[in-house]
>>> print(open('upload_38.txt').read())   # compact mmCIF, C-alpha atoms and all ligand atoms
# COMPACT_ATOMS: atom_id res chain seq x y z
CA MET A 23 0.00 0.00 0.00
CA THR A 24 2.58 2.55 1.10
CA GLN A 25 4.80 1.78 -1.91
CA ARG A 26 2.20 3.26 -4.23
CA PRO A 27 2.75 6.87 -5.19
CA VAL A 28 1.21 9.36 -2.82
CA VAL A 29 -1.63 11.40 -4.34
CA LEU A 30 -2.44 13.63 -1.36
CA SER A 31 0.02 14.49 1.36
CA VAL A 32 -1.29 16.49 4.33
CA ARG A 33 1.14 17.87 6.90
CA GLY A 34 0.26 19.88 9.97
CA LEU A 35 -3.10 21.01 8.65
CA SER A 36 -4.91 23.23 11.15
CA VAL A 37 -8.01 25.38 10.71
CA ARG A 38 -9.12 28.08 13.13
CA PHE A 39 -12.31 30.12 12.87
CA ARG A 40 -12.16 33.65 14.24
CA MET A 41 -15.40 34.41 16.01
CA PRO A 42 -16.92 37.67 17.25
CA GLY A 43 -15.36 38.80 20.53
CA GLY A 44 -11.97 37.31 19.65
CA ARG A 45 -13.05 33.73 20.35
CA ARG A 46 -11.42 31.02 18.22
CA VAL A 47 -12.81 27.66 17.17
CA ALA A 48 -10.10 25.02 16.71
CA ALA A 49 -11.93 23.01 14.04
CA VAL A 50 -8.90 21.04 12.76
CA THR A 51 -5.59 20.69 14.61
CA ASP A 52 -2.30 19.42 13.20
CA ALA A 53 -3.57 16.74 10.81
CA HIS A 54 -0.91 14.58 9.13
CA PHE A 55 -1.78 11.85 6.65
CA ASP A 56 -1.16 10.58 3.12
CA VAL A 57 -3.54 8.99 0.64
CA ALA A 58 -1.86 6.82 -1.97
CA ALA A 59 -2.91 6.04 -5.53
CA GLY A 60 -5.63 3.42 -5.68
CA GLU A 61 -6.36 3.91 -2.01
CA CYS A 62 -9.49 4.87 -0.10
CA LEU A 63 -9.02 6.56 3.27
CA ALA A 64 -12.21 6.80 5.32
CA LEU A 65 -12.36 9.69 7.78
CA ILE A 66 -14.72 8.88 10.64
CA GLY A 67 -15.73 10.52 13.90
CA GLU A 68 -18.74 11.99 15.69
CA SER A 69 -20.70 14.95 14.35
CA GLY A 70 -18.91 18.29 14.73
CA CYS A 71 -15.38 16.87 15.08
CA GLY A 72 -14.04 18.77 12.03
CA LYS A 73 -14.34 16.31 9.13
CA SER A 74 -16.16 18.63 6.72
CA VAL A 75 -13.93 21.56 7.66
CA LEU A 76 -10.90 19.45 6.75
CA ALA A 77 -12.51 18.60 3.39
CA SER A 78 -13.39 22.25 2.74
CA ALA A 79 -9.79 23.26 3.46
CA LEU A 80 -8.56 20.86 0.76
CA LEU A 81 -10.91 22.43 -1.78
CA GLY A 82 -10.30 26.05 -0.78
CA LEU A 83 -13.94 26.34 0.25
CA LEU A 84 -13.54 27.71 3.78
CA PRO A 85 -15.37 30.91 4.76
CA ALA A 86 -13.48 34.19 5.17
CA ASN A 87 -13.19 33.91 8.97
CA ALA A 88 -11.06 30.74 8.64
CA GLN A 89 -7.28 30.67 9.03
CA THR A 90 -5.33 27.64 7.84
CA ALA A 91 -1.83 26.39 8.58
CA GLY A 92 0.18 23.49 7.21
CA ARG A 93 0.42 21.95 3.75
CA ALA A 94 -1.73 19.70 1.57
CA ARG A 95 0.20 18.64 -1.49
CA LEU A 96 -1.52 17.23 -4.54
CA GLY A 97 1.29 16.54 -6.98
CA ASP A 98 3.19 19.79 -7.44
CA LEU A 99 0.42 21.93 -5.93
CA ASP A 100 -0.12 22.96 -2.31
CA LEU A 101 -3.90 23.12 -2.05
CA LEU A 102 -3.70 25.36 1.03
CA ALA A 103 -1.47 27.93 -0.67
CA ALA A 104 -3.23 27.99 -4.08
CA ASP A 105 -5.04 31.18 -5.01
CA GLU A 106 -8.76 31.21 -5.75
CA ARG A 107 -8.20 31.59 -9.51
CA THR A 108 -6.09 28.42 -9.63
CA LEU A 109 -8.54 26.56 -7.43
CA ALA A 110 -11.52 27.58 -9.54
CA ARG A 111 -9.91 27.03 -12.94
CA THR A 112 -7.72 23.98 -12.50
CA VAL A 113 -8.41 22.30 -9.17
CA ARG A 114 -12.09 22.00 -8.24
CA GLY A 115 -13.79 19.43 -10.44
CA ARG A 116 -10.62 18.70 -12.43
CA ARG A 117 -7.93 17.72 -9.95
CA VAL A 118 -10.14 17.38 -6.88
CA GLY A 119 -13.71 16.16 -7.20
CA LEU A 120 -16.13 16.83 -4.36
CA VAL A 121 -19.26 14.98 -3.39
CA PRO A 122 -20.59 17.63 -1.00
CA GLN A 123 -22.30 16.89 2.31
CA SER A 124 -25.41 18.87 1.34
CA PRO A 125 -25.88 18.04 -2.34
CA ALA A 126 -29.15 19.91 -2.72
CA ALA A 127 -27.35 23.14 -1.77
CA HIS A 128 -24.69 22.57 -4.44
CA LEU A 129 -27.05 21.89 -7.33
CA THR A 130 -28.36 24.89 -9.26
CA PRO A 131 -32.06 25.10 -8.34
CA VAL A 132 -33.39 26.50 -11.63
CA ARG A 133 -31.80 23.95 -13.96
CA THR A 134 -32.50 20.30 -14.60
CA VAL A 135 -30.05 17.63 -13.58
CA ARG A 136 -29.52 16.80 -17.27
CA SER A 137 -28.48 20.33 -18.16
CA GLN A 138 -26.12 20.63 -15.16
CA LEU A 139 -24.55 17.29 -15.91
CA ALA A 140 -24.23 18.08 -19.63
CA GLU A 141 -22.57 21.38 -18.89
CA THR A 142 -20.06 19.70 -16.59
CA VAL A 143 -19.37 16.94 -19.14
CA ALA A 144 -18.78 19.57 -21.84
CA ALA A 145 -16.52 21.64 -19.60
CA LEU A 146 -14.41 18.82 -18.17
CA THR A 147 -14.21 16.21 -20.94
CA GLY A 148 -13.36 16.42 -24.60
CA VAL A 149 -16.83 15.25 -25.64
CA ARG A 150 -18.36 17.46 -28.36
CA GLY A 151 -21.47 17.28 -30.53
CA ARG A 152 -25.09 16.97 -29.46
CA ASP A 153 -25.50 13.20 -29.67
CA ALA A 154 -22.13 12.42 -28.10
CA LEU A 155 -22.77 14.90 -25.29
CA SER A 156 -26.22 13.47 -24.68
CA ALA A 157 -24.84 9.92 -24.51
CA ALA A 158 -21.97 10.98 -22.24
CA THR A 159 -24.43 12.76 -19.95
CA ARG A 160 -26.55 9.61 -19.65
CA ALA A 161 -23.44 7.55 -19.00
CA ALA A 162 -22.32 9.99 -16.29
CA ALA A 163 -25.73 9.66 -14.58
CA ALA A 164 -25.60 5.88 -14.82
CA ARG A 165 -22.21 5.74 -13.10
CA ALA A 166 -23.82 7.12 -9.96
CA ALA A 167 -27.03 5.07 -10.41
CA PHE A 168 -29.00 8.22 -11.14
CA PRO A 169 -32.13 7.07 -13.03
CA GLU A 170 -32.35 8.31 -16.60
CA ASP A 171 -36.07 9.08 -16.34
CA HIS A 172 -35.32 11.63 -13.59
CA LEU A 173 -32.72 13.58 -15.58
CA ASP A 174 -35.19 16.27 -16.58
CA ARG A 175 -36.16 17.08 -13.02
CA HIS A 176 -35.05 20.10 -11.06
CA PRO A 177 -33.17 19.63 -7.78
CA HIS A 178 -36.24 20.45 -5.64
CA GLU A 179 -38.10 17.60 -7.33
CA LEU A 180 -35.55 15.07 -6.15
CA SER A 181 -35.49 13.07 -2.92
CA GLY A 182 -32.41 13.47 -0.72
CA GLY A 183 -31.06 10.18 -2.02
CA LEU A 184 -31.46 11.20 -5.67
CA ALA A 185 -29.87 14.60 -5.06
CA GLN A 186 -26.99 12.70 -3.47
CA ARG A 187 -26.61 10.55 -6.57
CA ALA A 188 -26.77 13.59 -8.86
CA ALA A 189 -23.96 15.19 -6.85
CA THR A 190 -21.92 11.98 -7.03
CA ALA A 191 -22.41 11.84 -10.81
CA LEU A 192 -21.19 15.46 -11.12
CA ALA A 193 -18.15 14.76 -8.94
CA LEU A 194 -17.06 11.77 -11.05
CA VAL A 195 -17.17 13.57 -14.42
CA GLY A 196 -13.75 15.23 -14.24
CA ASP A 197 -11.82 12.01 -13.47
CA ALA A 198 -10.04 13.96 -10.73
CA SER A 199 -6.96 12.42 -9.14
CA LEU A 200 -8.41 13.12 -5.70
CA LEU A 201 -12.04 12.50 -4.91
CA VAL A 202 -13.34 13.94 -1.64
CA ALA A 203 -16.70 12.46 -0.74
CA ASP A 204 -18.34 14.04 2.32
CA GLU A 205 -21.05 11.68 3.55
CA PRO A 206 -21.79 10.41 0.02
CA THR A 207 -24.38 7.89 1.22
CA THR A 208 -26.63 10.00 3.46
CA GLY A 209 -30.27 9.24 2.77
CA LEU A 210 -29.59 6.11 0.73
CA ASP A 211 -30.86 2.66 1.62
CA ARG A 212 -28.31 -0.09 2.16
CA ASP A 213 -28.39 -1.41 -1.38
CA LEU A 214 -27.69 2.05 -2.83
CA VAL A 215 -25.06 2.73 -0.18
CA ASP A 216 -23.21 -0.32 -1.45
CA ARG A 217 -23.60 0.68 -5.10
CA THR A 218 -22.46 4.24 -4.45
CA VAL A 219 -19.37 3.38 -2.46
CA ASP A 220 -18.48 0.61 -4.91
CA GLU A 221 -18.63 3.15 -7.74
CA LEU A 222 -16.39 5.55 -5.80
CA ARG A 223 -14.02 2.65 -5.21
CA ARG A 224 -14.02 1.73 -8.92
CA HIS A 225 -13.12 5.31 -9.72
CA VAL A 226 -9.89 5.12 -7.73
CA GLU A 227 -9.04 1.67 -9.06
CA ALA A 228 -9.72 2.40 -12.72
CA PRO A 229 -6.59 2.56 -14.86
CA ASP A 230 -5.47 6.09 -15.46
CA ASP A 231 -4.04 6.73 -18.91
CA SER A 232 -2.46 10.05 -17.97
CA ASP A 233 1.02 10.43 -16.46
CA ALA A 234 -0.56 11.21 -13.09
CA PRO A 235 0.26 8.79 -10.27
CA GLY A 236 -3.32 7.52 -10.08
CA ARG A 237 -6.44 8.38 -8.15
CA ALA A 238 -7.29 8.42 -4.48
CA LEU A 239 -10.46 8.70 -2.42
CA LEU A 240 -10.97 10.51 0.86
CA MET A 241 -14.38 9.44 2.10
CA ILE A 242 -15.96 11.11 5.11
CA THR A 243 -18.67 8.99 6.61
CA HIS A 244 -20.76 8.18 9.65
CA ASP A 245 -21.53 4.84 8.09
CA LEU A 246 -18.94 2.45 9.48
CA GLU A 247 -20.39 -0.40 7.43
CA ALA A 248 -19.71 1.59 4.26
CA ALA A 249 -16.21 2.43 5.52
CA GLU A 250 -15.49 -1.22 6.20
CA ARG A 251 -16.76 -2.13 2.74
CA VAL A 252 -14.52 0.18 0.71
CA ALA A 253 -11.76 1.72 2.80
CA ASP A 254 -8.16 0.53 2.77
CA ARG A 255 -7.32 2.74 5.71
CA ILE A 256 -9.21 4.51 8.46
CA ALA A 257 -8.55 7.91 10.01
CA VAL A 258 -10.41 8.60 13.24
CA MET A 259 -11.00 12.20 14.20
CA TYR A 260 -11.89 13.49 17.64
CA ALA A 261 -12.32 17.14 18.62
CA GLY A 262 -10.43 18.38 15.57
CA ARG A 263 -7.50 15.97 15.78
CA ILE A 264 -6.81 12.75 13.92
CA VAL A 265 -6.30 10.36 16.83
CA GLU A 266 -5.78 7.12 14.92
CA LEU A 267 -4.64 5.98 11.48
CA ALA A 268 -5.06 2.29 10.82
CA ASP A 269 -5.33 -0.38 8.18
CA ALA A 270 -9.07 -1.00 7.69
CA GLY A 271 -8.78 -4.78 8.03
CA ALA A 272 -6.92 -4.50 11.34
CA PHE A 273 -9.28 -1.77 12.55
CA PHE A 274 -12.54 -3.61 11.92
CA GLY A 275 -11.06 -7.06 12.55
CA VAL A 276 -8.03 -8.15 14.54
CA PRO A 277 -6.40 -6.58 16.52
CA GLY A 278 -9.05 -3.87 16.34
CA PRO A 279 -8.56 -0.16 16.99
CA ARG A 280 -5.82 1.12 19.31
CA HIS A 281 -7.46 4.31 20.50
CA PRO A 282 -10.11 4.00 23.27
CA TYR A 283 -12.32 6.42 21.31
CA SER A 284 -12.14 4.29 18.17
CA ARG A 285 -13.02 1.22 20.25
CA GLY A 286 -15.98 3.16 21.60
CA LEU A 287 -17.18 3.97 18.09
CA LEU A 288 -17.14 0.29 17.15
CA ARG A 289 -18.75 -0.80 20.42
CA ALA A 290 -21.62 1.62 19.71
CA LEU A 291 -22.56 -0.27 16.53
CA PRO A 292 -25.85 -2.20 16.66
CA ASP A 293 -24.19 -5.41 15.47
CA ARG A 294 -21.46 -5.10 18.09
CA ALA A 295 -21.98 -4.18 21.76
CA PHE A 296 -24.56 -1.43 20.92
CA THR A 297 -23.12 0.58 23.83
CA PRO A 298 -22.77 4.30 23.14
CA ILE A 299 -19.75 6.20 24.43
CA PRO A 300 -20.92 8.04 27.55
CA GLY A 301 -20.81 11.83 27.54
CA MET A 302 -20.39 14.33 24.72
CA PRO A 303 -17.41 15.61 22.76
CA PRO A 304 -16.06 19.00 23.92
CA GLU A 305 -16.91 22.25 22.12
CA LEU A 306 -14.15 23.12 19.65
CA GLY A 307 -14.24 26.72 20.89
CA THR A 308 -13.41 25.68 24.47
CA LEU A 309 -11.19 22.63 24.22
CA PRO A 310 -9.71 21.28 27.44
CA ASP A 311 -5.93 21.12 27.89
CA GLY A 312 -4.40 17.72 27.26
CA CYS A 313 -6.21 14.80 25.63
CA ALA A 314 -9.68 16.00 24.59
CA PHE A 315 -11.11 12.49 25.05
CA ALA A 316 -9.85 12.02 28.62
CA ALA A 317 -13.13 13.15 30.23
CA ARG A 318 -14.97 10.26 28.51
CA CYS A 319 -12.19 7.69 28.67
CA THR A 320 -12.07 4.75 31.08
CA ARG A 321 -8.30 4.45 30.59
CA ALA A 322 -7.45 8.08 31.40
CA THR A 323 -4.74 8.81 33.98
CA ASP A 324 -2.75 11.85 35.12
CA ALA A 325 -0.62 11.45 32.00
CA CYS A 326 -3.58 12.59 29.88
CA VAL A 327 -3.18 16.22 30.98
CA ASP A 328 -0.63 16.36 28.13
CA VAL A 329 -1.80 16.05 24.52
CA PRO A 330 -0.58 12.63 23.38
CA PRO A 331 1.60 12.74 20.26
CA MET A 332 0.73 10.66 17.21
CA THR A 333 2.80 7.51 17.71
CA ASP A 334 3.70 4.75 15.27
CA THR A 335 1.91 1.44 15.82
CA GLY A 336 2.92 -0.19 12.57
CA PRO A 337 5.20 -3.20 12.01
CA GLY A 338 8.26 -0.98 12.51
CA ALA A 339 7.18 0.02 16.02
CA THR A 340 9.07 -1.15 19.13
CA ALA A 341 8.18 -4.09 21.42
CA GLU A 342 5.94 -1.87 23.56
CA GLY A 343 3.96 -1.30 20.40
CA VAL A 344 4.96 2.32 20.18
CA SER A 345 7.74 4.56 18.98
CA GLN A 346 7.68 8.24 18.19
CA ALA A 347 6.05 8.73 14.80
CA PRO A 348 8.61 9.73 12.19
CA ALA A 349 7.94 12.23 9.42
CA PRO A 350 6.37 11.36 7.00
CA PRO A 351 3.56 10.08 9.18
CA ALA A 352 3.30 6.38 9.85
CA ALA A 353 0.57 4.50 8.02
CA ASP A 354 -0.55 3.14 11.41
CA ALA A 355 -0.44 5.51 14.34
CA VAL A 356 -2.36 6.45 17.46
CA ALA A 357 -2.46 9.54 19.66
CA CYS A 358 -3.07 8.09 23.13
CA HIS A 359 -1.04 7.64 26.31
CA HIS A 360 -2.75 4.30 26.98
CA PRO A 361 -3.54 2.71 23.61
CA HIS A 362 -4.90 -0.79 23.37
CA VAL A 363 -2.23 -3.26 22.35
CA SER A 364 -2.72 -6.62 20.67
CA GLU A 365 -3.14 -8.47 24.00
CA ASP A 366 -6.30 -6.42 24.71
CA ILE A 367 -8.06 -7.81 21.67
CA ARG A 368 -10.87 -9.44 23.61
CA ALA A 369 -11.12 -6.59 26.13
N1 LIG A 401 -17.86 28.98 9.41
C1 LIG A 401 -17.67 28.53 10.65
N2 LIG A 401 -17.47 29.35 11.67
C2 LIG A 401 -17.26 28.89 12.92
N3 LIG A 401 -17.25 27.58 13.24
C3 LIG A 401 -17.46 26.70 12.26
C4 LIG A 401 -17.68 27.11 10.91
N4 LIG A 401 -17.87 25.99 10.14
C5 LIG A 401 -17.76 24.95 11.00
N5 LIG A 401 -17.51 25.36 12.25
C6 LIG A 401 -17.34 24.53 13.44
O1 LIG A 401 -16.30 23.59 13.17
C7 LIG A 401 -16.60 22.37 13.83
C8 LIG A 401 -16.44 21.22 12.88
O2 LIG A 401 -17.50 21.21 11.95
P1 LIG A 401 -17.61 20.15 10.78
O3 LIG A 401 -18.74 20.56 9.92
O4 LIG A 401 -16.29 19.97 10.13
O5 LIG A 401 -17.97 18.82 11.57
P2 LIG A 401 -18.19 17.36 10.95
O6 LIG A 401 -17.22 16.47 11.62
O7 LIG A 401 -18.17 17.42 9.48
O8 LIG A 401 -19.64 17.02 11.49
P3 LIG A 401 -20.88 16.25 10.76
O9 LIG A 401 -20.52 14.80 10.90
O10 LIG A 401 -22.05 16.64 11.56
O11 LIG A 401 -20.92 16.70 9.34
C9 LIG A 401 -17.99 22.50 14.41
O12 LIG A 401 -17.85 22.75 15.79
C10 LIG A 401 -18.57 23.69 13.73
O13 LIG A 401 -19.43 24.38 14.58
NI NI A 402 -19.55 17.15 8.04
>>> encode(input="upload_38.txt", output="structure tokens", more="lines below")
Ligand SMILES: Nc1ncnc2c1ncn2[C@@H]1O[C@H](COP(=O)(O)OP(=O)(O)OP(=O)(O)O)[C@@H](O)[C@H]1O
Ligand code: NI
Amino acid sequence: MTQRPVVLSVRGLSVRFRMPGGRRVAAVTDAHFDVAAGECLALIGESGCGKSVLASALLGLLPANAQTAGRARLGDLDLLAADERTLARTVRGRRVGLVPQSPAAHLTPVRTVRSQLAETVAALTGVRGRDALSAATRAAAARAAFPEDHLDRHPHELSGGLAQRAATALALVGDASLLVADEPTTGLDRDLVDRTVDELRRHVEAPDDSDAPGRALLMITHDLEAAERVADRIAVMYAGRIVELADAGAFFGVPGPRHPYSRGLLRALPDRAFTPIPGMPPELGTLPDGCAFAARCTRATDACVDVPPMTDTGPGATAEGVSQAPAPPAADAVACHHPHVSEDIRA
């Protein structure tokens, strides 16, 4: 996995919102991760932990009161440093495709899905001529399982699930090297969830005839079943920080997650212990010092007054299961003073 060329490389990404009265919201703090060609990284975590803000930062779609730090390299381009003209002309849709979290809000209300899709196909592909464009538009809809007999509807005439599929179809048109899908399966029933995530997966696996290193998928989701189905790797976010990076097989199977929060997320699933994590995440405007999860964590000790560094848990780690994470970030890492180790598997 890690031998494949890196498509997206994020280092020290932080986002702060300046609020009235000088207050600051620490929406994303010091995120480090890579996504390789052919790979799907699923970003999971409770509502409000900063997932969508991270996605918006990558697309240059943050509001004016946001300040960013760090780097996010896509090939030769730093997405965080790019100016709006570059982002609008060469990045959004072409190099980075977005399936937005609120698709209805991103579709143009006064135009049919067919006309929006056709315009995008004409702008982003070489297809020309009425018949060819019409066929390519239908093919683009079919890729996201958007029904052909609904193409002439306006966004307000679509259910949430159909609007979602229209947005997915639009995001796939440009064959972008990075696809960012923010909750791409909200409002879909299980069968369509599977079809949608499989299509996103096919997109990153499809052969790429350009010189680019390949395609990668960053999928934000609440749906852990969908994450398990398509992700190669999992990133767990809590209170603005990525607290665990893990191979998806190890995360959902054996040895399971390392971070107590990640374990809590899995234990909350109906087909597992169905036991929610007690308490609530902290407000990102008033984060506690130290580990933000400590107040909810059964393993917390005095050590947790210090923010735990992201620490390598991969095959190269030491006998204790940990060693300081090198740069570039380890593929498997956890930010916890008391992570679960392999012996805790049945705990
Ligand atoms: N424009 C803004 N100004 C101030 N705070 C903001 C702004 N946009 C987002 N936030 C805050 O940033 C935090 C992270 O929000 P974000 O939308 O990224 O969460 P999320 O993990 O995507 O949640 P969900 O799963 O519900 O979509 C939230 O506390 C939110 O209130
Ligand atoms: Ni979100």
>>> residues_near_ligand(input="upload_38.txt", ligand="ligand NI 402 (chain A)", cutoff="12 Å", atoms="all atoms listed in the file", output="compact mmCIF listing (two decimals) with C-alpha atoms, keeping the file's coordinate frame")
# COMPACT_ATOMS: atom_id res chain seq x y z
CA ALA A 49 -11.93 23.01 14.04
CA LEU A 65 -12.36 9.69 7.78
CA ILE A 66 -14.72 8.88 10.64
CA GLY A 67 -15.73 10.52 13.90
CA GLU A 68 -18.74 11.99 15.69
CA SER A 69 -20.70 14.95 14.35
CA GLY A 70 -18.91 18.29 14.73
CA CYS A 71 -15.38 16.87 15.08
CA GLY A 72 -14.04 18.77 12.03
CA LYS A 73 -14.34 16.31 9.13
CA SER A 74 -16.16 18.63 6.72
CA VAL A 75 -13.93 21.56 7.66
CA LEU A 76 -10.90 19.45 6.75
CA ALA A 77 -12.51 18.60 3.39
CA SER A 78 -13.39 22.25 2.74
CA VAL A 121 -19.26 14.98 -3.39
CA PRO A 122 -20.59 17.63 -1.00
CA GLN A 123 -22.30 16.89 2.31
CA SER A 124 -25.41 18.87 1.34
CA VAL A 202 -13.34 13.94 -1.64
CA ALA A 203 -16.70 12.46 -0.74
CA ASP A 204 -18.34 14.04 2.32
CA GLU A 205 -21.05 11.68 3.55
CA PRO A 206 -21.79 10.41 0.02
CA THR A 208 -26.63 10.00 3.46
CA MET A 241 -14.38 9.44 2.10
CA ILE A 242 -15.96 11.11 5.11
CA THR A 243 -18.67 8.99 6.61
CA HIS A 244 -20.76 8.18 9.65
CA MET A 259 -11.00 12.20 14.20
CA GLY A 262 -10.43 18.38 15.57
>>> closest_residue(input="upload_38.txt", among="A:Val149, A:Ala161, A:Leu306, A:Leu192", to="Met41 (chain A)", atoms="all atoms listed in the file")
A:Leu306
>>> atom_distance(input="upload_38.txt", atom1="CA of Ala140 (chain A)", atom2="CA of Glu179 (chain A)")
18.5 Å
>>> residues_around(input="upload_38.txt", residues="Val32 (chain A)", least_positions_apart="2", cutoff="6 Å", atoms="only C-alpha atoms", output="count of residues only")
4
>>> closest_residue(input="upload_38.txt", among="A:Thr134, A:Ser181, A:Thr51, A:Ser364", to="ligand LIG 401 (chain A)", atoms="only C-alpha atoms and all ligand atoms")
A:Thr51
>>> build_atoms(input="upload_38.txt", residues="region 108-122 of chain A", atoms="N, CA and C atoms", output="compact mmCIF listing (two decimals), keeping the file's coordinate frame")
# COMPACT_ATOMS: atom_id res chain seq x y z
N THR A 108 -6.62 29.76 -9.34
CA THR A 108 -6.09 28.42 -9.63
C THR A 108 -7.08 27.35 -9.17
N LEU A 109 -7.60 27.55 -7.96
CA LEU A 109 -8.54 26.56 -7.43
C LEU A 109 -9.76 26.44 -8.32
N ALA A 110 -10.30 27.58 -8.74
CA ALA A 110 -11.52 27.58 -9.54
C ALA A 110 -11.27 27.03 -10.95
N ARG A 111 -10.14 27.39 -11.54
CA ARG A 111 -9.91 27.03 -12.94
C ARG A 111 -9.33 25.64 -13.13
N THR A 112 -8.43 25.23 -12.22
CA THR A 112 -7.72 23.98 -12.50
C THR A 112 -7.87 22.92 -11.42
N VAL A 113 -8.40 23.29 -10.26
CA VAL A 113 -8.41 22.30 -9.17
C VAL A 113 -9.80 21.70 -8.97
N ARG A 114 -10.78 22.54 -8.58
CA ARG A 114 -12.09 22.00 -8.24
C ARG A 114 -12.75 21.38 -9.48
N GLY A 115 -13.15 20.13 -9.33
CA GLY A 115 -13.79 19.43 -10.44
C GLY A 115 -12.79 18.71 -11.33
N ARG A 116 -11.60 19.30 -11.52
CA ARG A 116 -10.62 18.70 -12.43
C ARG A 116 -9.58 17.87 -11.71
N ARG A 117 -8.94 18.48 -10.69
CA ARG A 117 -7.93 17.72 -9.95
C ARG A 117 -8.47 17.18 -8.63
N VAL A 118 -9.46 17.86 -8.10
CA VAL A 118 -10.14 17.38 -6.88
C VAL A 118 -11.64 17.41 -7.13
N GLY A 119 -12.26 16.24 -7.06
CA GLY A 119 -13.71 16.16 -7.20
C GLY A 119 -14.33 16.13 -5.82
N LEU A 120 -15.47 16.81 -5.66
CA LEU A 120 -16.13 16.83 -4.36
C LEU A 120 -17.55 16.30 -4.46
N VAL A 121 -17.87 15.33 -3.62
CA VAL A 121 -19.26 14.98 -3.39
C VAL A 121 -19.62 15.70 -2.10
N PRO A 122 -20.38 16.80 -2.18
CA PRO A 122 -20.59 17.63 -1.00
C PRO A 122 -21.55 17.00 0.00
